[in-house]
file work_23.cif (mmCIF, C-alpha atoms)
data_run
loop_
_atom_site.group_PDB
_atom_site.id
_atom_site.type_symbol
_atom_site.label_atom_id
_atom_site.label_comp_id
_atom_site.auth_asym_id
_atom_site.auth_seq_id
_atom_site.Cartn_x
_atom_site.Cartn_y
_atom_site.Cartn_z
ATOM 1 C CA MET A 779 9.847 1.938 -27.984
ATOM 2 C CA SER A 780 12.548 3.424 -30.101
ATOM 3 C CA GLN A 781 14.381 5.396 -27.387
ATOM 4 C CA GLU A 782 16.398 3.227 -24.997
ATOM 5 C CA LEU A 783 16.355 3.875 -21.254
ATOM 6 C CA PRO A 784 19.612 5.102 -19.684
ATOM 7 C CA PRO A 785 21.433 2.325 -17.698
ATOM 8 C CA GLN A 786 20.914 4.127 -14.371
ATOM 9 C CA VAL A 787 17.153 4.323 -14.958
ATOM 10 C CA GLN A 788 17.062 0.685 -16.091
ATOM 11 C CA ASN A 789 18.852 -0.324 -12.890
ATOM 12 C CA GLN A 790 16.484 1.677 -10.716
ATOM 13 C CA LEU A 791 13.498 0.241 -12.553
ATOM 14 C CA SER A 792 14.620 -3.345 -12.010
ATOM 15 C CA GLN A 793 15.261 -2.581 -8.306
ATOM 16 C CA LEU A 794 11.773 -1.139 -8.085
ATOM 17 C CA GLN A 795 10.285 -4.239 -9.711
ATOM 18 C CA GLN A 796 12.210 -6.514 -7.326
ATOM 19 C CA MET A 797 10.976 -4.497 -4.394
ATOM 20 C CA GLN A 798 7.421 -4.717 -5.662
ATOM 21 C CA GLN A 799 7.730 -8.518 -5.859
ATOM 22 C CA GLN A 800 9.153 -8.606 -2.337
ATOM 23 C CA ALA A 801 6.282 -6.456 -1.095
ATOM 24 C CA GLN A 802 3.756 -8.767 -2.778
ATOM 25 C CA ALA A 803 5.366 -11.875 -1.238
ATOM 26 C CA LEU A 804 5.375 -10.196 2.181
ATOM 27 C CA ALA A 805 1.744 -9.185 1.840
ATOM 28 C CA GLN A 806 0.829 -12.797 0.990
ATOM 29 C CA GLN A 807 2.749 -14.133 4.015
ATOM 30 C CA LYS A 808 1.117 -11.532 6.231
ATOM 31 C CA ASN A 809 -2.284 -12.471 4.918
ATOM 32 C CA GLN A 810 -1.657 -16.166 5.655
ATOM 33 C CA LEU A 811 -0.484 -15.340 9.181
ATOM 34 C CA GLU A 812 -3.540 -13.168 9.785
ATOM 35 C CA VAL A 813 -5.828 -16.007 8.666
ATOM 36 C CA MET A 814 -3.986 -18.473 10.956
ATOM 37 C CA LEU A 815 -4.205 -16.038 13.852
ATOM 38 C CA LYS A 816 -7.927 -15.532 13.315
ATOM 39 C CA GLU A 817 -8.446 -19.290 13.082
ATOM 40 C CA SER A 818 -6.547 -19.857 16.349
ATOM 41 C CA ASP A 819 -8.619 -17.137 17.998
ATOM 42 C CA MET A 820 -11.838 -18.762 16.835
ATOM 43 C CA ALA A 821 -10.687 -22.210 17.988
ATOM 44 C CA ILE A 822 -9.773 -20.787 21.435
ATOM 45 C CA GLY A 823 -13.218 -19.183 21.639
ATOM 46 C CA GLU A 824 -14.904 -22.484 20.707
ATOM 47 C CA LEU A 825 -12.807 -24.502 23.190
ATOM 48 C CA ASP A 826 -13.660 -22.026 25.924
ATOM 49 C CA LYS A 827 -17.356 -22.767 25.477
ATOM 50 C CA LEU A 828 -16.935 -26.554 25.832
ATOM 51 C CA ASP A 829 -17.467 -28.718 28.904
ATOM 52 C CA GLU A 830 -14.365 -29.951 30.722
ATOM 53 C CA ASN A 831 -14.944 -33.562 29.647
ATOM 54 C CA THR A 832 -15.640 -32.926 25.949
ATOM 55 C CA ASP A 833 -13.390 -34.950 23.666
ATOM 56 C CA VAL A 834 -10.994 -32.842 21.646
ATOM 57 C CA TYR A 835 -8.991 -34.064 18.652
ATOM 58 C CA LYS A 836 -5.930 -32.672 16.952
ATOM 59 C CA ASN A 837 -4.922 -33.032 13.275
ATOM 60 C CA ILE A 838 -1.696 -34.934 12.772
ATOM 61 C CA GLY A 839 -1.200 -35.377 9.050
ATOM 62 C CA ASN A 840 -4.283 -37.162 7.792
ATOM 63 C CA ILE A 841 -5.427 -38.516 11.133
ATOM 64 C CA LEU A 842 -7.085 -37.048 14.202
ATOM 65 C CA ILE A 843 -5.613 -37.846 17.615
ATOM 66 C CA LYS A 844 -7.557 -37.530 20.839
ATOM 67 C CA THR A 845 -6.011 -34.853 23.029
ATOM 68 C CA ASP A 846 -6.533 -33.054 26.318
ATOM 69 C CA LYS A 847 -8.710 -29.938 26.174
ATOM 70 C CA ASN A 848 -6.586 -27.853 28.565
ATOM 71 C CA LYS A 849 -3.367 -28.854 26.855
ATOM 72 C CA THR A 850 -4.844 -27.893 23.474
ATOM 73 C CA PHE A 851 -5.981 -24.585 24.944
ATOM 74 C CA GLU A 852 -2.432 -23.824 26.133
ATOM 75 C CA GLU A 853 -0.913 -24.915 22.816
ATOM 76 C CA LEU A 854 -3.285 -22.690 20.895
ATOM 77 C CA ASN A 855 -2.462 -19.697 23.090
ATOM 78 C CA GLU A 856 1.262 -20.303 22.558
ATOM 79 C CA LYS A 857 0.676 -20.621 18.817
ATOM 80 C CA LYS A 858 -1.262 -17.355 18.859
ATOM 81 C CA GLU A 859 1.595 -15.602 20.636
ATOM 82 C CA THR A 860 4.171 -16.894 18.141
ATOM 83 C CA LEU A 861 1.977 -15.922 15.203
ATOM 84 C CA GLY A 862 1.484 -12.450 16.689
ATOM 85 C CA LEU A 863 5.259 -11.943 16.990
ATOM 86 C CA ARG A 864 5.852 -13.139 13.431
ATOM 87 C CA LEU A 865 3.127 -10.790 12.232
ATOM 88 C CA GLN A 866 4.786 -7.847 14.023
ATOM 89 C CA THR A 867 8.128 -8.674 12.353
ATOM 90 C CA LEU A 868 6.500 -8.896 8.938
ATOM 91 C CA THR A 869 4.673 -5.588 9.469
ATOM 92 C CA LYS A 870 7.992 -3.873 10.298
ATOM 93 C CA GLN A 871 9.618 -5.459 7.242
ATOM 94 C CA GLU A 872 6.696 -4.308 5.109
ATOM 95 C CA GLU A 873 7.015 -0.735 6.404
ATOM 96 C CA ARG A 874 10.764 -0.728 5.614
ATOM 97 C CA ILE A 875 10.152 -1.991 2.073
ATOM 98 C CA HIS A 876 7.377 0.532 1.531
ATOM 99 C CA LYS A 877 9.651 3.377 2.667
ATOM 100 C CA ARG A 878 12.514 2.195 0.458
ATOM 101 C CA PHE A 879 10.080 1.783 -2.454
ATOM 102 C CA THR A 880 8.873 5.390 -2.133
ATOM 103 C CA GLN A 881 12.478 6.641 -1.939
ATOM 104 C CA LEU A 882 13.446 4.677 -5.025
ATOM 105 C CA GLN A 883 10.359 5.896 -6.866
ATOM 106 C CA GLU A 884 11.378 9.518 -6.144
ATOM 107 C CA GLN A 885 14.942 8.803 -7.269
ATOM 108 C CA LEU A 886 13.622 7.263 -10.463
ATOM 109 C CA LYS A 887 11.440 10.305 -11.151
ATOM 110 C CA THR A 888 14.470 12.581 -10.693
ATOM 111 C CA SER A 889 16.645 10.371 -12.934
ATOM 112 C CA VAL A 890 14.005 10.285 -15.676
ATOM 113 C CA GLY A 891 13.579 14.044 -15.405
ATOM 114 C CA SER A 892 17.296 14.793 -15.592
ATOM 115 C CA SER A 893 17.994 12.337 -18.446
ATOM 116 C CA GLY A 894 15.353 14.050 -20.577
ATOM 117 C CA TYR A 895 13.793 10.706 -21.471
ATOM 118 C CA LYS A 896 10.265 10.890 -22.770
ATOM 119 C CA ALA A 897 8.061 7.852 -23.240
ATOM 120 C CA GLU A 898 6.466 7.609 -26.680
ATOM 121 C CA MET B 142 -15.729 8.085 -16.311
ATOM 122 C CA THR B 143 -14.342 10.777 -18.619
ATOM 123 C CA SER B 144 -16.152 11.439 -21.847
ATOM 124 C CA ASP B 145 -14.307 9.807 -24.737
ATOM 125 C CA GLN B 146 -14.291 13.143 -26.566
ATOM 126 C CA ASN B 147 -11.581 14.519 -24.286
ATOM 127 C CA LEU B 148 -9.367 11.477 -23.920
ATOM 128 C CA SER B 149 -5.648 11.857 -24.485
ATOM 129 C CA GLU B 150 -3.255 9.040 -25.475
ATOM 130 C CA GLU B 151 -2.121 8.940 -21.852
ATOM 131 C CA ASP B 152 -5.722 8.490 -20.633
ATOM 132 C CA VAL B 153 -6.215 5.586 -23.019
ATOM 133 C CA GLN B 154 -2.963 3.958 -21.846
ATOM 134 C CA ARG B 155 -4.025 4.399 -18.232
ATOM 135 C CA MET B 156 -7.378 2.822 -19.002
ATOM 136 C CA ALA B 157 -5.689 -0.125 -20.718
ATOM 137 C CA VAL B 158 -3.535 -0.738 -17.627
ATOM 138 C CA SER B 159 -6.482 -0.542 -15.233
ATOM 139 C CA HIS B 160 -8.521 -2.780 -17.589
ATOM 140 C CA GLN B 161 -5.807 -5.442 -17.394
ATOM 141 C CA GLN B 162 -5.549 -5.120 -13.597
ATOM 142 C CA MET B 163 -9.318 -5.392 -13.245
ATOM 143 C CA GLU B 164 -9.340 -8.504 -15.429
ATOM 144 C CA TYR B 165 -6.721 -10.173 -13.186
ATOM 145 C CA GLN B 166 -8.741 -9.154 -10.132
ATOM 146 C CA ALA B 167 -11.943 -10.515 -11.675
ATOM 147 C CA GLN B 168 -10.236 -13.836 -12.430
ATOM 148 C CA ALA B 169 -8.977 -14.086 -8.835
ATOM 149 C CA ILE B 170 -12.452 -13.320 -7.447
ATOM 150 C CA ALA B 171 -14.067 -15.853 -9.789
ATOM 151 C CA GLN B 172 -11.645 -18.521 -8.526
ATOM 152 C CA GLN B 173 -12.432 -17.566 -4.936
ATOM 153 C CA ILE B 174 -16.172 -17.790 -5.686
ATOM 154 C CA ASN B 175 -15.703 -21.361 -6.949
ATOM 155 C CA LEU B 176 -13.785 -22.337 -3.808
ATOM 156 C CA VAL B 177 -16.445 -20.815 -1.547
ATOM 157 C CA LYS B 178 -19.157 -22.610 -3.555
ATOM 158 C CA GLU B 179 -17.324 -25.907 -3.019
ATOM 159 C CA SER B 180 -17.149 -25.232 0.731
ATOM 160 C CA ILE B 181 -20.900 -24.463 0.815
ATOM 161 C CA ASN B 182 -21.608 -27.759 -0.984
ATOM 162 C CA ASP B 183 -19.312 -29.510 1.489
ATOM 163 C CA CYS B 184 -21.320 -28.071 4.411
ATOM 164 C CA ASP B 185 -24.560 -29.227 2.767
ATOM 165 C CA LYS B 186 -23.151 -32.720 2.301
ATOM 166 C CA ALA B 187 -22.095 -32.929 5.964
ATOM 167 C CA ILE B 188 -25.512 -31.657 7.154
ATOM 168 C CA TYR B 189 -27.338 -34.219 4.974
ATOM 169 C CA THR B 190 -25.037 -36.977 6.288
ATOM 170 C CA ILE B 191 -25.807 -36.074 9.916
ATOM 171 C CA ILE B 192 -29.551 -35.997 9.127
ATOM 172 C CA GLY B 193 -29.226 -39.327 7.345
ATOM 173 C CA LEU B 194 -27.508 -40.876 10.360
ATOM 174 C CA GLU B 195 -30.238 -39.762 12.768
ATOM 175 C CA GLY B 196 -32.023 -42.737 14.313
ATOM 176 C CA ILE B 197 -29.285 -45.188 13.413
ATOM 177 C CA GLU B 198 -28.321 -47.394 16.341
ATOM 178 C CA GLU B 199 -24.872 -48.064 17.716
ATOM 179 C CA GLU B 200 -22.906 -50.959 16.201
ATOM 180 C CA HIS B 201 -24.703 -50.364 12.907
ATOM 181 C CA GLU B 202 -22.554 -51.528 9.996
ATOM 182 C CA MET B 203 -21.478 -48.927 7.497
ATOM 183 C CA LEU B 204 -18.993 -48.264 4.698
ATOM 184 C CA VAL B 205 -16.399 -45.508 5.013
ATOM 185 C CA PRO B 206 -15.019 -44.186 1.725
ATOM 186 C CA ILE B 207 -11.221 -44.174 1.510
ATOM 187 C CA GLY B 208 -11.013 -42.623 -1.956
ATOM 188 C CA SER B 209 -11.171 -43.817 -5.579
ATOM 189 C CA GLY B 210 -14.569 -45.445 -4.950
ATOM 190 C CA ALA B 211 -13.093 -47.863 -2.373
ATOM 191 C CA ASN B 212 -14.721 -48.344 1.058
ATOM 192 C CA ILE B 213 -13.884 -50.080 4.298
ATOM 193 C CA MET B 214 -16.412 -51.657 6.635
ATOM 194 C CA ALA B 215 -16.943 -50.042 10.007
ATOM 195 C CA ARG B 216 -19.370 -49.978 12.919
ATOM 196 C CA ILE B 217 -20.734 -46.814 14.537
ATOM 197 C CA ILE B 218 -19.513 -46.535 18.136
ATOM 198 C CA LYS B 219 -21.253 -43.315 19.162
ATOM 199 C CA ALA B 220 -24.274 -42.880 16.921
ATOM 200 C CA ASP B 221 -25.240 -39.417 18.200
ATOM 201 C CA LYS B 222 -21.773 -37.875 18.144
ATOM 202 C CA VAL B 223 -20.033 -35.975 15.358
ATOM 203 C CA ILE B 224 -16.451 -34.659 15.363
ATOM 204 C CA VAL B 225 -16.416 -31.139 13.925
ATOM 205 C CA GLU B 226 -13.372 -29.044 13.048
ATOM 206 C CA ILE B 227 -13.242 -25.712 14.875
ATOM 207 C CA GLY B 228 -10.139 -24.375 13.105
ATOM 208 C CA ALA B 229 -6.358 -24.408 13.632
ATOM 209 C CA GLY B 230 -6.298 -28.194 13.161
ATOM 210 C CA ILE B 231 -8.482 -28.832 16.214
ATOM 211 C CA SER B 232 -11.731 -30.822 16.143
ATOM 212 C CA VAL B 233 -14.233 -31.351 18.922
ATOM 213 C CA GLU B 234 -16.925 -33.847 19.691
ATOM 214 C CA LYS B 235 -20.463 -32.490 19.399
ATOM 215 C CA ASN B 236 -23.859 -34.087 19.509
ATOM 216 C CA SER B 237 -25.743 -34.267 16.218
ATOM 217 C CA ASP B 238 -27.822 -31.132 16.836
ATOM 218 C CA GLU B 239 -24.839 -29.004 17.875
ATOM 219 C CA ALA B 240 -22.875 -30.274 14.900
ATOM 220 C CA LYS B 241 -25.732 -29.422 12.527
ATOM 221 C CA GLN B 242 -26.059 -25.954 14.059
ATOM 222 C CA SER B 243 -22.370 -25.216 13.746
ATOM 223 C CA LEU B 244 -22.328 -26.443 10.128
ATOM 224 C CA MET B 245 -25.402 -24.355 9.315
ATOM 225 C CA PHE B 246 -23.747 -21.298 10.858
ATOM 226 C CA ARG B 247 -20.627 -21.972 8.788
ATOM 227 C CA LYS B 248 -22.798 -22.305 5.677
ATOM 228 C CA GLU B 249 -24.535 -18.983 6.419
ATOM 229 C CA GLU B 250 -21.186 -17.212 6.823
ATOM 230 C CA LEU B 251 -19.906 -18.737 3.594
ATOM 231 C CA THR B 252 -23.108 -17.758 1.767
ATOM 232 C CA LYS B 253 -22.733 -14.150 2.942
ATOM 233 C CA PHE B 254 -19.129 -14.150 1.770
ATOM 234 C CA HIS B 255 -20.200 -15.677 -1.551
ATOM 235 C CA GLU B 256 -22.776 -12.895 -2.048
ATOM 236 C CA LYS B 257 -20.190 -10.231 -1.240
ATOM 237 C CA LEU B 258 -17.724 -11.731 -3.709
ATOM 238 C CA GLN B 259 -20.428 -11.933 -6.374
ATOM 239 C CA THR B 260 -21.284 -8.233 -5.866
ATOM 240 C CA ASP B 261 -17.588 -7.307 -6.093
ATOM 241 C CA LEU B 262 -17.258 -9.343 -9.278
ATOM 242 C CA ASN B 263 -20.347 -7.734 -10.851
ATOM 243 C CA GLU B 264 -19.018 -4.259 -10.050
ATOM 244 C CA LEU B 265 -15.666 -5.110 -11.594
ATOM 245 C CA VAL B 266 -17.271 -6.594 -14.714
ATOM 246 C CA ASN B 267 -19.347 -3.418 -15.125
ATOM 247 C CA LYS B 268 -16.240 -1.260 -14.848
ATOM 248 C CA ILE B 269 -14.436 -3.471 -17.373
ATOM 249 C CA LYS B 270 -17.382 -3.173 -19.774
ATOM 250 C CA GLU B 271 -17.447 0.613 -19.300
ATOM 251 C CA ILE B 272 -13.775 0.884 -20.287
ATOM 252 C CA GLU B 273 -14.311 -1.451 -23.242
ATOM 253 C CA ALA B 274 -17.250 0.657 -24.463
ATOM 254 C CA ILE B 275 -15.233 3.887 -24.269
ATOM 255 C CA VAL B 276 -12.203 2.398 -26.041
ATOM 256 C CA SER B 277 -14.391 0.776 -28.689
ATOM 257 C CA SER B 278 -16.267 4.014 -29.470
ATOM 258 C CA LEU B 279 -12.951 5.844 -29.584
ATOM 259 C CA ALA B 280 -11.568 3.258 -32.013
ATOM 260 C CA ASP B 281 -14.689 3.564 -34.203
ATOM 261 C CA LYS B 282 -14.322 7.335 -34.361
ATOM 262 C CA ARG B 283 -10.653 7.094 -35.295
ATOM 263 C CA GLU B 284 -11.421 4.551 -38.005
ATOM 264 C CA GLN B 285 -14.153 6.810 -39.357
ATOM 265 C CA GLN B 286 -11.746 9.720 -39.421
ATOM 266 C CA LEU B 287 -9.212 7.615 -41.331
ATOM 267 C CA GLN B 288 -11.805 6.430 -43.850
ATOM 268 C CA GLU B 289 -13.298 9.848 -44.534
ATOM 269 C CA PRO B 290 -11.974 10.962 -47.928
ATOM 270 C CA LYS B 291 -10.047 14.160 -47.732
ATOM 271 C CA GLN B 292 -11.800 16.890 -49.715
ATOM 272 C CA PRO B 293 -9.560 17.937 -52.576
ATOM 273 C CA GLN B 294 -8.921 21.623 -52.555
ATOM 274 C CA VAL B 295 -10.671 22.987 -55.613
ATOM 275 C CA PRO B 296 -9.415 26.391 -56.689
ATOM 276 C CA MET B 297 -12.099 28.994 -56.554
ATOM 277 C CA GLN B 298 -13.260 29.921 -60.009
ATOM 278 C CA GLY B 299 -14.651 33.277 -60.747
ATOM 279 C CA THR B 300 -17.897 33.381 -62.720
#
call {"tool": "encode", "arguments": {"input": "work_23.cif", "output": "structure tokens"}}
result
Amino acid sequence: MSQELPPQVQNQLSQLQQMQQQAQALAQQKNQLEVMLKESDMAIGELDKLDENTDVYKNIGNILIKTDKNKTFEELNEKKETLGLRLQTLTKQEERIHKRFTQLQEQLKTSVGSSGYKAE
Amino acid sequence: MTSDQNLSEEDVQRMAVSHQQMEYQAQAIAQQINLVKESINDCDKAIYTIIGLEGIEEEHEMLVPIGSGANIMARIIKADKVIVEIGAGISVEKNSDEAKQSLMFRKEELTKFHEKLQTDLNELVNKIKEIEAIVSSLADKREQQLQEPKQPQVPMQGT
């Protein structure tokens, strides 16, 4: 490219790229949380179907420890609640970034238009 | 897809970008397919192990692998029980039949997912090939145009 971008456009472009990376990282985190939430839901459903005296085990590092079914049930419900709240926060953050991204994109279009820059 | 006759420079650039994106996507799906395949094999292994343990009595001596080809000696305490993970780091005790059923269900779900991923990958590969064919025919035409000798302008001679 022989024509250099004006500094203002360069700045806006790098901001846009940063925002895109942030959005990608957020989307990944959200995805992980959604998977964890679904897994907790499934585990709660499975536990619900079990007899009262079925042995339940919990992962602690590389080993499995025998645990109480009801206690596990409560812990999983608490975990689900926490995950749900974190997911809500991330969704709001994602919306904010998306809004800011669109604004910046519009600003960039205007800047490119007014500087008369034309890509070759 | 647009006919290559009417493609502008911008169209070609756009196609190059989407070609690259599709290639990244295809790589990611291929990796996912391998992981799902491994999980299916893992399910099969567990099912075969449960079947293999059927009929074995309690206190039977066995070797438990601890990695790198090393084993420790153990005795089976509950021969008809299997501990199966149900997600979120929780495992539950099931009898052999229930354990087999739940592993078979997991395998079925994974197989469906594997098929879906394979279809997605095939679609992407077809799209990638389509773009490659258009760009290649466009390149051929341009090369032909460059190689065609320009007709020298011969002045008209009156007879």
call {"tool": "resolve_selection", "arguments": {"input": "work_23.cif", "expression": "the PyMOL selection byres ((chain A) within 7 of (chain B))", "output": "PDB file with C-alpha atoms, in the frame of the given file"}}
result
ATOM      1  CA  MET A 814      -3.986 -18.473  10.956  1.00  0.00           C
ATOM      2  CA  GLU A 817      -8.446 -19.290  13.082  1.00  0.00           C
ATOM      3  CA  SER A 818      -6.547 -19.857  16.349  1.00  0.00           C
ATOM      4  CA  MET A 820     -11.838 -18.762  16.835  1.00  0.00           C
ATOM      5  CA  ALA A 821     -10.687 -22.210  17.988  1.00  0.00           C
ATOM      6  CA  GLU A 824     -14.904 -22.484  20.707  1.00  0.00           C
ATOM      7  CA  THR A 832     -15.640 -32.926  25.949  1.00  0.00           C
ATOM      8  CA  ASP A 833     -13.390 -34.950  23.666  1.00  0.00           C
ATOM      9  CA  VAL A 834     -10.994 -32.842  21.646  1.00  0.00           C
ATOM     10  CA  TYR A 835      -8.991 -34.064  18.652  1.00  0.00           C
ATOM     11  CA  LYS A 836      -5.930 -32.672  16.952  1.00  0.00           C
ATOM     12  CA  ASN A 837      -4.922 -33.032  13.275  1.00  0.00           C
TER      13      ASN A 837
END
call {"tool": "closest_residue", "arguments": {"input": "work_23.cif", "among": "B:Met156, B:Ile170, B:Leu244, B:Ala215", "to": "Thr190 (chain B)", "atoms": "only C-alpha atoms"}}
result
B:Leu244
call {"tool": "residues_around", "arguments": {"input": "work_23.cif", "residues": "region 863-879 of chain A", "least_positions_apart": "2", "cutoff": "9 Å", "atoms": "only C-alpha atoms", "output": "VMD selection string"}}
result
chain A and resid 793 to 794 797 to 798 800 to 801 804 to 805 807 to 808 811 to 812 858 to 861 881 to 884
call {"tool": "residues_near_point", "arguments": {"input": "work_23.cif", "point": "(-10.4, 5.1, -32.0)", "cutoff": "10 Å", "atoms": "all atoms listed in the file", "output": "list in words"}}
result
Asp145, Val153, Ile275, Val276, Ser277, Ser278, Leu279, Ala280, Asp281, Lys282, Arg283, Glu284, Gln285, Gln286 and Leu287 of chain B
call {"tool": "atom_distance", "arguments": {"input": "work_23.cif", "atom1": "CA of Glu164 (chain B)", "atom2": "CA of Lys887 (chain A)"}}
result
28.4 Å
call {"tool": "atom_distance", "arguments": {"input": "work_23.cif", "atom1": "CA of Gly210 (chain B)", "atom2": "CA of Glu195 (chain B)"}}
result
24.3 Å
call {"tool": "residues_around", "arguments": {"input": "work_23.cif", "residues": "Ile174 (chain B)", "least_positions_apart": "5", "cutoff": "8 Å", "atoms": "only C-alpha atoms", "output": "PyMOL selection string"}}
result
chain B and resi 255+258-259
call {"tool": "atom_distance", "arguments": {"input": "work_23.cif", "atom1": "CA of Leu783 (chain A)", "atom2": "CA of Gln796 (chain A)"}}
result
17.9 Å
call {"tool": "resolve_selection", "arguments": {"input": "work_23.cif", "expression": "the PyMOL selection byres ((chain A and resi 790) around 9)", "output": "VMD selection string"}}
result
chain A and resid 785 to 789 791 to 795 882 to 883 885 to 886 889
call {"tool": "write_last_selection", "arguments": {"input": "work_23.cif", "atoms": "C-alpha atoms", "output": "PDB file, keeping the file's coordinate frame"}}
result
ATOM      1  CA  PRO A 785      21.433   2.325 -17.698  1.00  0.00           C
ATOM      2  CA  GLN A 786      20.914   4.127 -14.371  1.00  0.00           C
ATOM      3  CA  VAL A 787      17.153   4.323 -14.958  1.00  0.00           C
ATOM      4  CA  GLN A 788      17.062   0.685 -16.091  1.00  0.00           C
ATOM      5  CA  ASN A 789      18.852  -0.324 -12.890  1.00  0.00           C
ATOM      6  CA  LEU A 791      13.498   0.241 -12.553  1.00  0.00           C
ATOM      7  CA  SER A 792      14.620  -3.345 -12.010  1.00  0.00           C
ATOM      8  CA  GLN A 793      15.261  -2.581  -8.306  1.00  0.00           C
ATOM      9  CA  LEU A 794      11.773  -1.139  -8.085  1.00  0.00           C
ATOM     10  CA  GLN A 795      10.285  -4.239  -9.711  1.00  0.00           C
ATOM     11  CA  LEU A 882      13.446   4.677  -5.025  1.00  0.00           C
ATOM     12  CA  GLN A 883      10.359   5.896  -6.866  1.00  0.00           C
ATOM     13  CA  GLN A 885      14.942   8.803  -7.269  1.00  0.00           C
ATOM     14  CA  LEU A 886      13.622   7.263 -10.463  1.00  0.00           C
ATOM     15  CA  SER A 889      16.645  10.371 -12.934  1.00  0.00           C
TER      16      SER A 889
END
call {"tool": "residues_around", "arguments": {"input": "work_23.cif", "residues": "Met245 (chain B)", "least_positions_apart": "4", "cutoff": "9 Å", "atoms": "only C-alpha atoms", "output": "list in words"}}
result
Cys184, Asp185, Ile188, Ala240, Lys241, Glu249 and Glu250 of chain B
call {"tool": "closest_residue", "arguments": {"input": "work_23.cif", "among": "B:Asp261, B:Arg216, B:Val177, B:Ile191", "to": "Glu239 (chain B)", "atoms": "all atoms listed in the file"}}
result
B:Ile191
call {"tool": "decode", "arguments": {"input": "work_23.cif", "residues": "region 198-209 of chain B", "atoms": "N, CA, C and O atoms", "output": "compact mmCIF listing (two decimals), in the first residue's frame"}}
result
# COMPACT_ATOMS: atom_id res chain seq x y z
N GLU B 198 -15.80 -62.33 39.94
CA GLU B 198 -16.23 -62.31 41.34
C GLU B 198 -15.48 -61.27 42.15
O GLU B 198 -14.40 -60.83 41.77
N GLU B 199 -16.09 -60.95 43.31
CA GLU B 199 -15.45 -60.00 44.22
C GLU B 199 -14.13 -60.56 44.72
O GLU B 199 -13.96 -61.77 44.77
N GLU B 200 -13.23 -59.66 45.08
CA GLU B 200 -11.89 -60.03 45.59
C GLU B 200 -10.97 -60.56 44.48
O GLU B 200 -9.88 -61.04 44.76
N HIS B 201 -11.47 -60.48 43.24
CA HIS B 201 -10.64 -60.94 42.12
C HIS B 201 -9.44 -59.99 41.99
O HIS B 201 -9.59 -58.79 42.06
N GLU B 202 -8.29 -60.57 41.77
CA GLU B 202 -7.08 -59.73 41.63
C GLU B 202 -7.03 -59.08 40.26
O GLU B 202 -7.39 -59.72 39.26
N MET B 203 -6.59 -57.87 40.22
CA MET B 203 -6.47 -57.19 38.92
C MET B 203 -5.33 -56.18 38.95
O MET B 203 -4.79 -55.89 40.03
N LEU B 204 -4.99 -55.66 37.75
CA LEU B 204 -3.94 -54.64 37.67
C LEU B 204 -4.58 -53.33 37.22
O LEU B 204 -5.36 -53.31 36.28
N VAL B 205 -4.26 -52.26 37.93
CA VAL B 205 -4.81 -50.94 37.56
C VAL B 205 -3.68 -50.09 36.98
O VAL B 205 -2.66 -49.87 37.65
N PRO B 206 -3.85 -49.66 35.72
CA PRO B 206 -2.77 -48.87 35.11
C PRO B 206 -2.62 -47.48 35.78
O PRO B 206 -3.61 -46.83 36.10
N ILE B 207 -1.38 -47.11 36.04
CA ILE B 207 -1.15 -45.78 36.64
C ILE B 207 -0.35 -44.89 35.70
O ILE B 207 0.15 -43.85 36.06
N GLY B 208 -0.27 -45.31 34.44
CA GLY B 208 0.42 -44.51 33.43
C GLY B 208 1.80 -45.06 33.10
O GLY B 208 2.38 -45.81 33.91
N SER B 209 2.29 -44.70 31.91
CA SER B 209 3.61 -45.13 31.42
C SER B 209 3.80 -46.65 31.48
O SER B 209 4.90 -47.14 31.75
